[in-house]
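Structure file model.tsv (TSV, C-alpha atoms) follows.
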chain	number	residue	atom	x	y	z
A	30	MET	CA	0.00	0.00	0.00
A	31	ARG	CA	1.53	3.29	-1.12
A	32	PRO	CA	1.81	6.20	1.37
A	33	ALA	CA	-1.13	8.59	1.21
A	34	SER	CA	-2.41	11.82	2.72
A	35	ILE	CA	-5.04	10.82	5.29
A	36	VAL	CA	-7.23	12.92	7.60
A	37	VAL	CA	-8.72	11.52	10.80
A	38	VAL	CA	-11.60	13.36	12.53
A	39	ASP	CA	-12.71	12.18	15.99
A	40	ASP	CA	-13.65	14.13	19.12
A	41	ASP	CA	-12.34	11.28	21.33
A	42	GLU	CA	-8.71	12.28	21.82
A	43	GLY	CA	-7.69	8.72	22.74
A	44	VAL	CA	-9.19	7.24	19.59
A	45	LEU	CA	-7.82	10.09	17.49
A	46	ASP	CA	-4.26	9.60	18.76
A	47	SER	CA	-4.53	5.83	18.29
A	48	LEU	CA	-5.68	6.07	14.67
A	49	VAL	CA	-3.12	8.73	13.78
A	50	SER	CA	-0.33	6.58	15.27
A	51	LEU	CA	-1.51	3.42	13.51
A	52	LEU	CA	-1.64	5.05	10.10
A	53	SER	CA	1.60	6.98	10.60
A	54	ILE	CA	3.41	3.73	11.40
A	55	GLU	CA	2.18	2.44	8.03
A	56	GLY	CA	4.02	5.34	6.41
A	57	HIS	CA	1.08	7.62	5.62
A	58	ARG	CA	0.98	11.38	6.07
A	59	VAL	CA	-1.73	11.72	8.70
A	60	THR	CA	-3.41	14.85	10.04
A	61	GLY	CA	-5.78	14.58	13.01
A	62	PHE	CA	-8.63	16.89	13.96
A	63	SER	CA	-10.75	16.75	17.10
A	64	SER	CA	-13.70	18.44	15.39
A	65	ALA	CA	-15.23	18.56	11.93
A	66	SER	CA	-15.25	22.35	11.92
A	67	ALA	CA	-11.47	22.45	12.48
A	68	PHE	CA	-10.94	20.08	9.54
A	69	LEU	CA	-13.30	21.98	7.23
A	70	ARG	CA	-11.25	25.15	7.67
A	71	GLU	CA	-8.25	23.35	6.12
A	72	ALA	CA	-9.92	20.71	3.95
A	73	VAL	CA	-9.36	22.34	0.57
A	74	ASP	CA	-5.68	23.03	1.23
A	75	LEU	CA	-5.05	19.52	2.55
A	76	SER	CA	-6.75	17.76	-0.40
A	77	PRO	CA	-6.50	14.32	1.30
A	78	ASP	CA	-6.57	10.93	-0.39
A	79	CYS	CA	-8.83	9.58	2.35
A	80	VAL	CA	-10.90	10.92	5.27
A	81	ILE	CA	-11.73	8.83	8.33
A	82	THR	CA	-14.46	10.37	10.48
A	83	ASP	CA	-16.46	9.52	13.57
A	84	ILE	CA	-20.25	9.73	13.32
A	85	ARG	CA	-21.28	11.24	16.65
A	86	MET	CA	-19.48	14.54	17.22
A	87	PRO	CA	-20.68	17.87	18.66
A	88	ARG	CA	-21.90	20.67	16.34
A	89	ILE	CA	-21.03	18.97	13.04
A	90	ASP	CA	-21.42	15.19	13.03
A	91	GLY	CA	-19.91	12.74	10.57
A	92	LEU	CA	-22.88	12.68	8.22
A	93	SER	CA	-23.00	16.47	8.06
A	94	LEU	CA	-19.25	16.51	7.43
A	95	ILE	CA	-19.73	14.35	4.34
A	96	GLU	CA	-22.29	16.84	3.00
A	97	ARG	CA	-20.02	19.82	3.76
A	98	LEU	CA	-17.12	18.20	1.89
A	99	ARG	CA	-19.35	17.78	-1.13
A	100	GLU	CA	-20.22	21.48	-0.98
A	101	LEU	CA	-16.48	22.27	-0.96
A	102	GLY	CA	-15.95	20.22	-4.11
A	103	LEU	CA	-14.34	17.33	-2.23
A	104	GLY	CA	-17.17	14.88	-2.70
A	105	ALA	CA	-14.89	12.47	-4.57
A	106	VAL	CA	-12.53	12.02	-1.60
A	107	PRO	CA	-12.94	8.45	-0.26
A	108	LEU	CA	-14.56	8.49	3.19
A	109	ILE	CA	-14.46	5.87	5.94
A	110	VAL	CA	-16.97	6.32	8.76
A	111	VAL	CA	-16.31	4.89	12.23
A	112	SER	CA	-18.80	4.81	15.08
A	113	GLY	CA	-19.46	3.21	18.43
A	114	HIS	CA	-23.18	3.29	17.64
A	115	ALA	CA	-23.29	2.03	14.07
A	116	ASP	CA	-26.42	0.27	12.85
A	117	VAL	CA	-27.85	-0.57	9.43
A	118	PRO	CA	-29.80	2.71	8.97
A	119	ILE	CA	-26.72	4.78	9.82
A	120	ALA	CA	-24.55	2.65	7.53
A	121	VAL	CA	-26.99	2.99	4.64
A	122	THR	CA	-27.35	6.76	5.13
A	123	ALA	CA	-23.59	7.21	5.28
A	124	MET	CA	-23.04	5.24	2.08
A	125	GLN	CA	-25.85	7.02	0.29
A	126	LEU	CA	-24.08	10.27	1.14
A	127	GLY	CA	-20.85	8.92	-0.35
A	128	ALA	CA	-19.01	7.00	2.41
A	129	MET	CA	-17.09	3.93	1.30
A	130	THR	CA	-17.80	1.87	4.40
A	131	VAL	CA	-18.81	2.06	8.07
A	132	LEU	CA	-16.68	0.44	10.79
A	133	GLU	CA	-18.16	-0.13	14.23
A	134	LYS	CA	-15.90	0.53	17.22
A	135	PRO	CA	-13.99	-1.33	18.47
A	136	PHE	CA	-12.65	-2.74	15.21
A	137	PRO	CA	-9.40	-4.65	14.54
A	138	PRO	CA	-6.62	-2.43	13.15
A	139	ALA	CA	-6.41	-4.78	10.16
A	140	ARG	CA	-9.97	-3.88	9.13
A	141	LEU	CA	-9.16	-0.19	9.09
A	142	LEU	CA	-5.96	-0.74	7.14
A	143	GLU	CA	-7.87	-2.83	4.59
A	144	ALA	CA	-10.46	-0.08	4.20
A	145	VAL	CA	-7.71	2.53	3.82
A	146	ALA	CA	-6.04	0.41	1.12
A	147	LYS	CA	-9.31	0.35	-0.83
A	148	ALA	CA	-9.67	4.10	-0.35
A	149	ILE	CA	-6.21	4.66	-1.80
A	150	GLU	CA	-7.11	2.48	-4.78
A	151	ARG	CA	-10.22	4.59	-5.33
A	152	ALA	CA	-8.22	7.82	-5.07
A	153	ALA	CA	-5.78	6.45	-7.65
A	154	ALA	CA	-8.68	5.51	-9.94
A	155	ALA	CA	-9.88	9.10	-9.78
A	156	ARG	CA	-6.58	10.14	-11.35
A	157	PRO	CA	-6.57	8.10	-14.57
A	158	ALA	CA	-3.57	7.87	-16.84
A	159	ALA	CA	-3.70	9.64	-20.16
A	160	PRO	CA	-5.30	7.42	-22.85
A	161	GLY	CA	-2.06	7.26	-24.82
A	162	ASP	CA	-0.21	5.92	-21.77
A	163	ALA	CA	-2.45	2.91	-21.27
A	164	SER	CA	-0.85	-0.50	-21.69
A	165	PRO	CA	-2.64	-3.16	-23.76
A	166	GLU	CA	-3.60	-4.90	-20.51
A	167	ASP	CA	-5.06	-1.73	-19.01
A	168	GLN	CA	-6.91	-0.96	-22.22
A	169	ALA	CA	-8.42	-4.47	-22.13
A	170	VAL	CA	-9.60	-3.86	-18.56
A	171	ARG	CA	-11.26	-0.60	-19.61
A	172	GLU	CA	-12.98	-2.32	-22.52
A	173	ARG	CA	-14.26	-5.09	-20.23
A	174	TYR	CA	-15.54	-2.50	-17.78
A	175	GLU	CA	-17.49	-0.85	-20.60
A	176	THR	CA	-19.41	-4.12	-21.09
A	177	LEU	CA	-20.92	-3.85	-17.59
A	178	SER	CA	-24.51	-2.66	-17.43
A	179	PRO	CA	-25.35	0.47	-15.40
A	180	ARG	CA	-26.83	-1.74	-12.65
A	181	GLU	CA	-23.75	-3.96	-12.59
A	182	ARG	CA	-21.55	-0.88	-12.21
A	183	GLU	CA	-23.77	0.33	-9.37
A	184	VAL	CA	-23.46	-3.01	-7.57
A	185	LEU	CA	-19.71	-3.07	-8.23
A	186	SER	CA	-19.26	0.36	-6.67
A	187	HIS	CA	-20.74	-0.91	-3.40
A	188	LEU	CA	-18.70	-4.12	-3.45
A	189	LEU	CA	-15.50	-2.18	-4.11
A	190	ALA	CA	-16.34	0.00	-1.10
A	191	GLY	CA	-16.25	-3.12	1.05
A	192	SER	CA	-20.01	-3.53	1.48
A	193	SER	CA	-21.36	-7.03	2.04
A	194	SER	CA	-24.06	-8.49	-0.19
A	195	LYS	CA	-26.58	-7.79	2.58
A	196	VAL	CA	-25.67	-4.11	3.00
A	197	THR	CA	-25.46	-3.64	-0.76
A	198	ALA	CA	-28.91	-5.21	-1.15
A	199	ILE	CA	-30.41	-2.86	1.47
A	200	ALA	CA	-28.82	0.20	-0.14
A	201	LEU	CA	-30.08	-0.73	-3.62
A	202	GLY	CA	-33.46	-2.14	-2.62
A	203	ILE	CA	-32.79	-5.62	-4.00
A	204	SER	CA	-32.24	-9.06	-2.47
A	205	PRO	CA	-28.82	-10.40	-1.36
A	206	ARG	CA	-29.31	-13.25	-3.82
A	207	THR	CA	-29.71	-10.75	-6.66
A	208	VAL	CA	-26.52	-9.02	-5.54
A	209	ASP	CA	-24.71	-12.37	-5.71
A	210	VAL	CA	-26.00	-12.90	-9.26
A	211	PHE	CA	-24.71	-9.46	-10.27
A	212	ARG	CA	-21.36	-10.25	-8.58
A	213	ALA	CA	-21.01	-13.43	-10.65
A	214	ASN	CA	-21.82	-11.55	-13.86
A	215	ILE	CA	-19.30	-8.84	-13.01
A	216	LEU	CA	-16.51	-11.34	-12.36
A	217	ARG	CA	-17.30	-13.18	-15.60
A	218	LYS	CA	-17.31	-10.01	-17.70
A	219	MET	CA	-14.16	-8.67	-16.03
A	220	ASP	CA	-12.45	-12.08	-16.28
A	221	ALA	CA	-11.45	-11.78	-12.63
A	222	PRO	CA	-11.38	-14.37	-9.81
A	223	ASN	CA	-12.75	-12.01	-7.15
A	224	ILE	CA	-13.76	-8.41	-6.42
A	225	ALA	CA	-10.32	-7.61	-4.98
A	226	ALA	CA	-8.79	-8.44	-8.37
A	227	VAL	CA	-11.34	-6.18	-10.07
A	228	ALA	CA	-10.38	-3.36	-7.68
A	229	THR	CA	-6.66	-3.77	-8.38
A	230	ARG	CA	-6.99	-4.06	-12.16
A	231	THR	CA	-9.43	-1.18	-12.60
A	232	ALA	CA	-7.38	1.09	-10.32
A	233	ARG	CA	-4.26	0.35	-12.35
A	234	ALA	CA	-6.16	0.98	-15.59
A	235	GLY	CA	-7.50	4.30	-14.31
A	236	VAL	CA	-11.17	3.30	-14.42
A	237	GLN	CA	-13.36	5.83	-12.63
A	238	HIS	CA	-16.12	4.01	-10.75
A	239	ARG	CA	-19.34	5.74	-9.88
A	240	LYS	CA	-19.74	6.52	-6.19
A	241	PRO	CA	-22.16	4.27	-4.24

Structure translated into structure tokens:
Amino acid sequence: MRPASIVVVDDDEGVLDSLVSLLSIEGHRVTGFSSASAFLREAVDLSPDCVITDIRMPRIDGLSLIERLRELGLGAVPLIVVSGHADVPIAVTAMQLGAMTVLEKPFPPARLLEAVAKAIERAAAARPAAPGDASPEDQAVRERYETLSPREREVLSHLLAGSSSKVTAIALGISPRTVDVFRANILRKMDAPNIAAVATRTARAGVQHRKP
């Protein structure tokens, strides 16, 4: 996982320090804020690759922060939401607003690092290579991606964000079984063994996925 610019927003100083230390040890450039308002004052200048935010914070909570970032033109920045009170409605609302995934505290450090890795892949995909620079392999990936239907791309965006079939189904108003059918079709069309391979190949090819 390449080093990235990451922002952590949490009003719990202990959690904030812990997350900043964890990500710094991994080699990332990490900036911590104890309030959403403090981060928003510097958000445009920081232009992070990933934002990790708590849900329940005074004045401006995590969901409101997502909306404010969109207003600042930073709606494409990958967001990871963490909360000690996460439930399905909160998770669905957060993802509908643009969050990649929701992690419920306490979570294993490995889960956060995995989510951050996916966020970095998404940030890289948002900066595609010039068409003339694409290798034959990357061009083939782009062509395969173009064969996906709009609904398949919508399902893929949720799966790439780390959502389970169940959460994806709730967000899209379909059944988990239908999500699994779409997953199988996506893997067949992309000629990939799993969703992780799709994420890696499309990020390398500069494919811009729609936000879930």

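With distances restricted to all atoms listed in the file, A:Val111 is the closest residue to Met129 of chain A from A:Ile89, A:Val227, A:Val236, A:Val111.
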
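Picture a line from atom CA of Gln125 of chain A to atom CA of Ile109 of chain A; it runs 12.8 Å.
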
Legend entry - Separation of atom CA of Ala153 of chain A from atom CA of Ala213 of chain A, in Å and rounded to one decimal: 25.2 Å

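Excluding Arg58 of chain A itself and same-chain residues fewer than 3 positions from it, the residues having an atom within 10 Å of it are Pro32, Ala33, Ser34, Ile35, Val36, Val49, Leu52, Ser53, Ile54, Glu55, Pro77 and Asp78 of chain A, counting all atoms listed in the file.
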
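Shortest separation to Thr176 of chain A among A:Pro138, A:Ala144, A:Ile149, A:Met219 occurs at residue A:Met219, atoms counted being all atoms listed in the file.
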
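Using all atoms listed in the file, the shortest contact distance between Leu141 of chain A and any of A:Asn223, A:Thr60, A:Thr229, A:Thr82 is found at A:Thr82.
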
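Take the candidates A:Ala226, A:Leu75, A:Ala128, A:Ile199 and check each one against Arg99 of chain A using only C-alpha atoms; the shortest distance goes to A:Ala128.
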
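The interatomic distance for the pair atom CA of Arg173 of chain A and atom CA of Arg217 of chain A works out to 9.8 Å.
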